[in-house]
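Source file: model01.cif. Holds: mmCIF, N, CA and C atoms.
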data_input
loop_
_atom_site.label_atom_id
_atom_site.label_comp_id
_atom_site.auth_asym_id
_atom_site.auth_seq_id
_atom_site.Cartn_x
_atom_site.Cartn_y
_atom_site.Cartn_z
N MET K 11 125.44 84.56 102.22
CA MET K 11 125.14 84.41 100.81
C MET K 11 124.43 85.66 100.30
N ALA K 12 124.87 86.19 99.21
CA ALA K 12 124.25 87.38 98.64
C ALA K 12 122.98 86.99 97.87
N SER K 13 122.09 87.94 97.76
CA SER K 13 120.85 87.72 97.01
C SER K 13 121.11 87.86 95.52
N SER K 14 120.32 87.14 94.73
CA SER K 14 120.50 87.19 93.29
C SER K 14 119.72 88.35 92.67
N LYS K 15 120.25 88.87 91.61
CA LYS K 15 119.58 89.93 90.86
C LYS K 15 118.27 89.39 90.27
N ASN K 16 118.23 88.10 89.93
CA ASN K 16 117.01 87.49 89.39
C ASN K 16 115.87 87.53 90.40
N TYR K 17 116.17 87.25 91.66
CA TYR K 17 115.12 87.29 92.69
C TYR K 17 114.63 88.72 92.89
N LEU K 18 115.56 89.67 92.92
CA LEU K 18 115.18 91.08 93.02
C LEU K 18 114.25 91.46 91.87
N THR K 19 114.61 91.10 90.66
CA THR K 19 113.80 91.41 89.48
C THR K 19 112.40 90.80 89.61
N PHE K 20 112.33 89.57 90.08
CA PHE K 20 111.04 88.91 90.27
C PHE K 20 110.17 89.68 91.27
N VAL K 21 110.73 90.04 92.41
CA VAL K 21 109.96 90.78 93.43
C VAL K 21 109.52 92.13 92.89
N LEU K 22 110.40 92.83 92.19
CA LEU K 22 110.03 94.14 91.62
C LEU K 22 108.92 93.99 90.58
N GLU K 23 108.94 92.92 89.80
CA GLU K 23 107.85 92.68 88.85
C GLU K 23 106.54 92.42 89.58
N GLN K 24 106.60 91.70 90.69
CA GLN K 24 105.39 91.44 91.47
C GLN K 24 104.81 92.74 92.03
N LEU K 25 105.66 93.71 92.30
CA LEU K 25 105.23 94.99 92.88
C LEU K 25 105.01 96.07 91.82
N SER K 26 105.05 95.71 90.55
CA SER K 26 105.01 96.71 89.48
C SER K 26 103.69 97.48 89.39
N ASP K 27 102.63 97.00 90.05
CA ASP K 27 101.36 97.75 90.06
C ASP K 27 101.43 98.97 90.97
N LEU K 28 102.44 99.03 91.83
CA LEU K 28 102.59 100.16 92.75
C LEU K 28 103.52 101.20 92.15
N ASP K 29 103.23 102.46 92.42
CA ASP K 29 104.11 103.54 92.00
C ASP K 29 105.24 103.70 93.02
N SER K 30 106.35 104.17 92.56
CA SER K 30 107.46 104.57 93.43
C SER K 30 108.08 103.44 94.25
N ILE K 31 108.22 102.28 93.65
CA ILE K 31 109.00 101.21 94.28
C ILE K 31 110.44 101.39 93.81
N SER K 32 111.36 101.38 94.75
CA SER K 32 112.76 101.49 94.39
C SER K 32 113.58 100.60 95.31
N TYR K 33 114.85 100.49 95.01
CA TYR K 33 115.72 99.66 95.84
C TYR K 33 117.12 100.26 95.85
N ARG K 34 117.89 99.80 96.81
CA ARG K 34 119.29 100.20 96.92
C ARG K 34 120.09 98.95 97.25
N ALA K 35 121.12 98.69 96.48
CA ALA K 35 122.01 97.56 96.76
C ALA K 35 122.83 97.89 98.01
N MET K 36 122.94 96.90 98.89
CA MET K 36 123.67 97.12 100.14
C MET K 36 124.39 95.83 100.52
N MET K 37 125.69 95.77 100.27
CA MET K 37 126.53 94.63 100.64
C MET K 37 125.97 93.29 100.16
N GLY K 38 125.58 93.24 98.90
CA GLY K 38 125.09 92.00 98.32
C GLY K 38 123.61 91.73 98.54
N GLU K 39 122.96 92.61 99.26
CA GLU K 39 121.52 92.48 99.52
C GLU K 39 120.83 93.73 98.96
N TYR K 40 119.50 93.81 99.11
CA TYR K 40 118.76 94.93 98.54
C TYR K 40 117.75 95.48 99.54
N ILE K 41 117.80 96.78 99.77
CA ILE K 41 116.83 97.47 100.61
C ILE K 41 115.69 97.92 99.69
N LEU K 42 114.44 97.64 100.09
CA LEU K 42 113.29 98.02 99.26
C LEU K 42 112.60 99.24 99.85
N TYR K 43 112.24 100.17 98.98
CA TYR K 43 111.56 101.40 99.36
C TYR K 43 110.21 101.47 98.66
N TYR K 44 109.24 101.99 99.38
CA TYR K 44 107.95 102.30 98.77
C TYR K 44 107.66 103.75 99.09
N ARG K 45 107.57 104.57 98.07
CA ARG K 45 107.39 106.02 98.20
C ARG K 45 108.39 106.60 99.20
N ASP K 46 109.64 106.24 99.03
CA ASP K 46 110.78 106.74 99.80
C ASP K 46 110.86 106.23 101.24
N LYS K 47 109.98 105.36 101.65
CA LYS K 47 110.06 104.77 102.99
C LYS K 47 110.58 103.34 102.87
N ILE K 48 111.46 102.96 103.81
CA ILE K 48 111.99 101.59 103.81
C ILE K 48 110.91 100.63 104.29
N VAL K 49 110.57 99.67 103.43
CA VAL K 49 109.55 98.67 103.76
C VAL K 49 110.22 97.40 104.26
N GLY K 50 111.35 97.08 103.69
CA GLY K 50 112.06 95.86 104.04
C GLY K 50 113.21 95.66 103.09
N GLY K 51 113.45 94.39 102.75
CA GLY K 51 114.54 94.12 101.85
C GLY K 51 114.60 92.67 101.42
N ILE K 52 115.55 92.42 100.56
CA ILE K 52 115.79 91.07 100.09
C ILE K 52 117.14 90.65 100.67
N TYR K 53 117.09 89.61 101.49
CA TYR K 53 118.26 89.10 102.19
C TYR K 53 118.35 87.60 101.95
N ASP K 54 119.46 87.14 101.40
CA ASP K 54 119.64 85.71 101.10
C ASP K 54 118.46 85.17 100.30
N ASP K 55 118.02 85.92 99.31
CA ASP K 55 116.89 85.55 98.45
C ASP K 55 115.61 85.28 99.25
N ARG K 56 115.41 86.06 100.30
CA ARG K 56 114.16 86.04 101.08
C ARG K 56 113.65 87.46 101.14
N LEU K 57 112.35 87.64 100.96
CA LEU K 57 111.74 88.96 101.13
C LEU K 57 111.35 89.11 102.59
N LEU K 58 111.95 90.08 103.25
CA LEU K 58 111.65 90.37 104.65
C LEU K 58 111.11 91.79 104.75
N VAL K 59 110.08 91.99 105.58
CA VAL K 59 109.52 93.33 105.77
C VAL K 59 109.54 93.69 107.25
N LYS K 60 109.43 95.00 107.50
CA LYS K 60 109.40 95.48 108.88
C LYS K 60 108.17 94.94 109.61
N PRO K 61 108.30 94.61 110.88
CA PRO K 61 107.19 94.02 111.63
C PRO K 61 106.21 95.07 112.18
N VAL K 62 105.57 95.81 111.30
CA VAL K 62 104.55 96.77 111.73
C VAL K 62 103.23 96.02 111.90
N SER K 63 102.29 96.60 112.64
CA SER K 63 101.07 95.87 112.99
C SER K 63 100.24 95.44 111.78
N SER K 64 100.19 96.26 110.74
CA SER K 64 99.41 95.87 109.56
C SER K 64 100.01 94.64 108.88
N ALA K 65 101.31 94.55 108.83
CA ALA K 65 101.97 93.38 108.23
C ALA K 65 101.73 92.14 109.09
N ILE K 66 101.79 92.30 110.39
CA ILE K 66 101.55 91.18 111.30
C ILE K 66 100.12 90.68 111.15
N SER K 67 99.16 91.59 111.01
CA SER K 67 97.77 91.17 110.88
C SER K 67 97.50 90.49 109.54
N LEU K 68 98.22 90.88 108.49
CA LEU K 68 98.05 90.25 107.18
C LEU K 68 98.77 88.90 107.09
N MET K 69 99.77 88.71 107.94
CA MET K 69 100.55 87.47 107.92
C MET K 69 100.69 86.93 109.35
N PRO K 70 99.57 86.54 109.98
CA PRO K 70 99.61 86.16 111.40
C PRO K 70 100.44 84.92 111.71
N THR K 71 100.67 84.07 110.74
CA THR K 71 101.43 82.85 111.01
C THR K 71 102.85 82.89 110.47
N THR K 72 103.28 84.04 110.01
CA THR K 72 104.63 84.14 109.43
C THR K 72 105.69 84.03 110.52
N THR K 73 106.91 83.79 110.10
CA THR K 73 108.01 83.68 111.05
C THR K 73 108.82 84.97 111.04
N TYR K 74 109.45 85.21 112.18
CA TYR K 74 110.38 86.33 112.30
C TYR K 74 111.76 85.80 111.98
N GLU K 75 112.49 86.52 111.16
CA GLU K 75 113.83 86.09 110.79
C GLU K 75 114.79 87.27 110.83
N LEU K 76 116.05 86.96 111.02
CA LEU K 76 117.09 87.99 111.01
C LEU K 76 117.60 88.18 109.58
N PRO K 77 117.62 89.41 109.11
CA PRO K 77 118.17 89.65 107.77
C PRO K 77 119.68 89.37 107.74
N TYR K 78 120.36 89.69 108.83
CA TYR K 78 121.79 89.45 108.98
C TYR K 78 122.09 89.51 110.47
N GLU K 79 123.21 88.99 110.86
CA GLU K 79 123.58 88.94 112.27
C GLU K 79 123.66 90.34 112.87
N GLY K 80 123.03 90.52 114.01
CA GLY K 80 123.05 91.80 114.70
C GLY K 80 121.90 92.72 114.33
N ALA K 81 121.07 92.32 113.38
CA ALA K 81 119.94 93.16 112.94
C ALA K 81 118.70 92.83 113.76
N LYS K 82 117.70 93.69 113.65
CA LYS K 82 116.41 93.43 114.27
C LYS K 82 115.64 92.42 113.44
N GLU K 83 114.80 91.64 114.10
CA GLU K 83 114.01 90.64 113.39
C GLU K 83 113.01 91.32 112.44
N MET K 84 112.76 90.64 111.34
CA MET K 84 111.80 91.11 110.34
C MET K 84 110.87 89.96 110.00
N LEU K 85 109.79 90.27 109.32
CA LEU K 85 108.80 89.25 108.95
C LEU K 85 109.15 88.65 107.59
N LEU K 86 109.13 87.33 107.52
CA LEU K 86 109.36 86.63 106.25
C LEU K 86 108.07 86.62 105.44
N VAL K 87 108.15 87.09 104.20
CA VAL K 87 106.99 87.06 103.31
C VAL K 87 107.07 85.78 102.48
N ASP K 88 106.19 84.84 102.79
CA ASP K 88 106.17 83.56 102.08
C ASP K 88 105.43 83.64 100.75
N ASP K 89 104.44 84.52 100.67
CA ASP K 89 103.53 84.54 99.53
C ASP K 89 103.97 85.53 98.44
N VAL K 90 105.23 85.47 98.03
CA VAL K 90 105.72 86.42 97.03
C VAL K 90 105.17 86.14 95.64
N ASP K 91 104.61 84.95 95.43
CA ASP K 91 104.01 84.62 94.13
C ASP K 91 102.66 85.29 93.92
N ASN K 92 102.06 85.78 95.00
CA ASN K 92 100.74 86.40 94.94
C ASN K 92 100.90 87.91 94.81
N ARG K 93 100.85 88.39 93.58
CA ARG K 93 101.06 89.82 93.28
C ARG K 93 100.08 90.72 94.05
N GLU K 94 98.80 90.34 94.06
CA GLU K 94 97.79 91.15 94.72
C GLU K 94 98.07 91.26 96.23
N PHE K 95 98.41 90.14 96.84
CA PHE K 95 98.73 90.15 98.27
C PHE K 95 99.93 91.05 98.55
N LEU K 96 100.98 90.91 97.74
CA LEU K 96 102.21 91.66 97.95
C LEU K 96 101.97 93.17 97.84
N CYS K 97 101.23 93.57 96.82
CA CYS K 97 100.93 94.99 96.66
C CYS K 97 100.07 95.50 97.82
N ASN K 98 99.09 94.71 98.24
CA ASN K 98 98.25 95.09 99.37
C ASN K 98 99.07 95.20 100.66
N LEU K 99 100.02 94.30 100.83
CA LEU K 99 100.89 94.34 102.00
C LEU K 99 101.66 95.65 102.06
N PHE K 100 102.29 96.04 100.96
CA PHE K 100 103.07 97.28 100.93
C PHE K 100 102.17 98.49 101.14
N LEU K 101 101.00 98.49 100.50
CA LEU K 101 100.05 99.60 100.68
C LEU K 101 99.62 99.74 102.13
N SER K 102 99.29 98.64 102.77
CA SER K 102 98.79 98.69 104.15
C SER K 102 99.89 99.09 105.13
N MET K 103 101.14 98.78 104.82
CA MET K 103 102.25 99.10 105.72
C MET K 103 102.65 100.57 105.65
N TYR K 104 102.40 101.23 104.54
CA TYR K 104 102.98 102.54 104.27
C TYR K 104 102.78 103.56 105.40
N ASP K 105 101.56 103.71 105.89
CA ASP K 105 101.30 104.74 106.91
C ASP K 105 102.01 104.47 108.23
N GLU K 106 102.34 103.21 108.49
CA GLU K 106 103.00 102.87 109.76
C GLU K 106 104.52 102.98 109.69
N LEU K 107 105.06 103.10 108.51
CA LEU K 107 106.51 103.16 108.36
C LEU K 107 107.03 104.54 108.72
N PRO K 108 108.21 104.60 109.33
CA PRO K 108 108.77 105.92 109.67
C PRO K 108 109.12 106.72 108.43
N ALA K 109 109.01 108.02 108.57
CA ALA K 109 109.37 108.92 107.46
C ALA K 109 110.87 108.81 107.20
N PRO K 110 111.28 109.05 105.97
CA PRO K 110 112.72 108.99 105.67
C PRO K 110 113.47 110.01 106.50
N LYS K 111 114.67 109.63 106.91
CA LYS K 111 115.49 110.55 107.70
C LYS K 111 116.06 111.62 106.78
N LYS K 112 116.09 112.84 107.30
CA LYS K 112 116.67 113.95 106.54
C LYS K 112 118.18 113.78 106.50
N LYS K 113 118.74 114.02 105.33
CA LYS K 113 120.20 113.94 105.21
C LYS K 113 120.79 115.20 105.81
N LYS K 114 121.85 115.01 106.57
CA LYS K 114 122.54 116.16 107.17
C LYS K 114 123.35 116.85 106.09
N THR K 115 123.23 118.15 106.08
CA THR K 115 124.02 118.92 105.13
C THR K 115 125.11 119.65 105.91
N THR K 116 126.26 119.66 105.35
CA THR K 116 127.36 120.38 105.99
C THR K 116 127.61 121.66 105.22
N SER K 117 127.73 122.71 105.96
CA SER K 117 127.98 123.99 105.30
C SER K 117 129.48 124.31 105.36
N LYS K 118 129.99 124.79 104.27
CA LYS K 118 131.40 125.17 104.21
C LYS K 118 131.53 126.65 104.46
N LYS K 119 132.47 126.98 105.33
CA LYS K 119 132.68 128.40 105.65
C LYS K 119 133.96 128.89 105.08
#
As structure tokens, how would this structure be written, given the file I've shared?
Amino acid sequence: MASSKNYLTFVLEQLSDLDSISYRAMMGEYILYYRDKIVGGIYDDRLLVKPVSSAISLMPTTTYELPYEGAKEMLLVDDVDNREFLCNLFLSMYDELPAPKKKKTTSKK
């Protein structure tokens, strides 16, 4: 099942206090970026984030879920209605997230 644009809009509104939140549509789902780093995504109208230690410590009782078959498990964010919590979660995760991969450039000869 694909995620709805309405749910994406709701999550983006909850994160509107943060600068540089962006997303990319990917096969009916949405990858979420914070300052160009992938934080997680919206899969089947669920907000899932990468299982970095800061996220685990902020959500110690959360469940691990698969965004799609064959993917690595991610953390389910249950408290999407709490804007302050959500913004704090993204802020705390930022330093632990991997840097964006450099795009390979091909040179023409």
Using only C-alpha atoms, list the residues that have an atom at most 7 Å from (108.8, 107.0, 95.8), coordinates as in the file, as a list in words. Asp29, Ser30, Ile31, Ser32, Tyr44, Arg45 and Asp46 of chain K
Would you output that residue set with N, CA and C atoms, as an mmCIF file, in the coordinates of the input?
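Once everything was written out, this is again37.cif:
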data_model
loop_
_atom_site.group_PDB
_atom_site.id
_atom_site.type_symbol
_atom_site.label_atom_id
_atom_site.label_comp_id
_atom_site.auth_asym_id
_atom_site.auth_seq_id
_atom_site.Cartn_x
_atom_site.Cartn_y
_atom_site.Cartn_z
ATOM 1 N N ASP K 29 103.230 102.460 92.420
ATOM 2 C CA ASP K 29 104.110 103.540 92.000
ATOM 3 C C ASP K 29 105.240 103.700 93.020
ATOM 4 N N SER K 30 106.350 104.170 92.560
ATOM 5 C CA SER K 30 107.460 104.570 93.430
ATOM 6 C C SER K 30 108.080 103.440 94.250
ATOM 7 N N ILE K 31 108.220 102.280 93.650
ATOM 8 C CA ILE K 31 109.000 101.210 94.280
ATOM 9 C C ILE K 31 110.440 101.390 93.810
ATOM 10 N N SER K 32 111.360 101.380 94.750
ATOM 11 C CA SER K 32 112.760 101.490 94.390
ATOM 12 C C SER K 32 113.580 100.600 95.310
ATOM 13 N N TYR K 44 109.240 101.990 99.380
ATOM 14 C CA TYR K 44 107.950 102.300 98.770
ATOM 15 C C TYR K 44 107.660 103.750 99.090
ATOM 16 N N ARG K 45 107.570 104.570 98.070
ATOM 17 C CA ARG K 45 107.390 106.020 98.200
ATOM 18 C C ARG K 45 108.390 106.600 99.200
ATOM 19 N N ASP K 46 109.640 106.240 99.030
ATOM 20 C CA ASP K 46 110.780 106.740 99.800
ATOM 21 C C ASP K 46 110.860 106.230 101.240
#
Tell me which residues the PyMOL selection byres ((chain K and resi 99-113) around 6) grabs here, as a list of chain:residue names.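 Residues picked by the PyMOL selection byres ((chain K and resi 99-113) around 6): K:Asp46, K:Lys47, K:Ser64, K:Ala65, K:Glu94, K:Phe95, K:Leu96, K:Cys97, K:Asn98, K:Lys114, K:Thr115.
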Which residues are close to Tyr53 in chain K, i.e. within 8 Å by all atoms listed in the file, leaving aside same-chain residues fewer than 5 positions away? Reply as a PyMOL selection string. chain K and resi 11-14+38-41+58+76-78
What does the distance between atom C of Lys15 in chain K and atom N of Met84 in chain K come to in Å, to one decimal place? 21.8 Å
Please extract the residues of range 41-98 of chain K with a backbone DSSP assignment of strand (DSSP E) and present them as a list of chain:residue names.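 Those residues are K:Ile41, K:Leu42, K:Tyr43, K:Tyr44, K:Lys47, K:Ile48, K:Val49, K:Gly50, K:Gly51, K:Ile52, K:Tyr53, K:Arg56, K:Leu57, K:Leu58, K:Val59, K:Tyr74, K:Glu75, K:Met84, K:Leu85, K:Leu86.
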Atom N of Arg56 in chain K to atom C of Leu68 in chain K measures 18.2 Å
Reference answer for the PyMOL selection byres (((chain K and resi 20-27 and name CA) around 6) and name CA), as an NGL selection string: :K and (17-19 or 28 or 93 or 97)
Using only C-alpha atoms, which of K:Gly50, K:Asn16, K:Asp55, K:Ile66 sits nearest Lys82 in chain K?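 Among the listed residues, K:Gly50 lies closest to Lys82 in chain K.
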Distance query Leu57 in chain K at most 5 Å, all atoms listed in the file, self and fewer than 2 positions along chain excluded, as a PDB file with N, CA and C atoms, keeping the file's coordinate frame:
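Here's the written file selection_8.pdb:
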ATOM      1  N   GLY K  51     113.450  94.390 102.750  1.00  0.00           N
ATOM      2  CA  GLY K  51     114.540  94.120 101.850  1.00  0.00           C
ATOM      3  C   GLY K  51     114.600  92.670 101.420  1.00  0.00           C
ATOM      4  N   ILE K  52     115.550  92.420 100.560  1.00  0.00           N
ATOM      5  CA  ILE K  52     115.790  91.070 100.090  1.00  0.00           C
ATOM      6  C   ILE K  52     117.140  90.650 100.670  1.00  0.00           C
ATOM      7  N   ASP K  55     118.020  85.920  99.310  1.00  0.00           N
ATOM      8  CA  ASP K  55     116.890  85.550  98.450  1.00  0.00           C
ATOM      9  C   ASP K  55     115.610  85.280  99.250  1.00  0.00           C
ATOM     10  N   VAL K  59     110.080  91.990 105.580  1.00  0.00           N
ATOM     11  CA  VAL K  59     109.520  93.330 105.770  1.00  0.00           C
ATOM     12  C   VAL K  59     109.540  93.690 107.250  1.00  0.00           C
ATOM     13  N   LEU K  86     109.130  87.330 107.520  1.00  0.00           N
ATOM     14  CA  LEU K  86     109.360  86.630 106.250  1.00  0.00           C
ATOM     15  C   LEU K  86     108.070  86.620 105.440  1.00  0.00           C
ATOM     16  N   VAL K  87     108.150  87.090 104.200  1.00  0.00           N
ATOM     17  CA  VAL K  87     106.990  87.060 103.310  1.00  0.00           C
ATOM     18  C   VAL K  87     107.070  85.780 102.480  1.00  0.00           C
TER      19      VAL K  87
END
Would you please give, as number ranges by chain, all residues of chain K that DSSP assigns to helix (DSSP H, G or I) based on the backbone? K: 15-24, 63-68, 93-106
Mind pulling up the distance from atom C of Arg34 in chain K to atom N of Thr73 in chain K?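 If I compute the distance from atom N of Thr73 in chain K to atom C of Arg34 in chain K, I get 23.8 Å.
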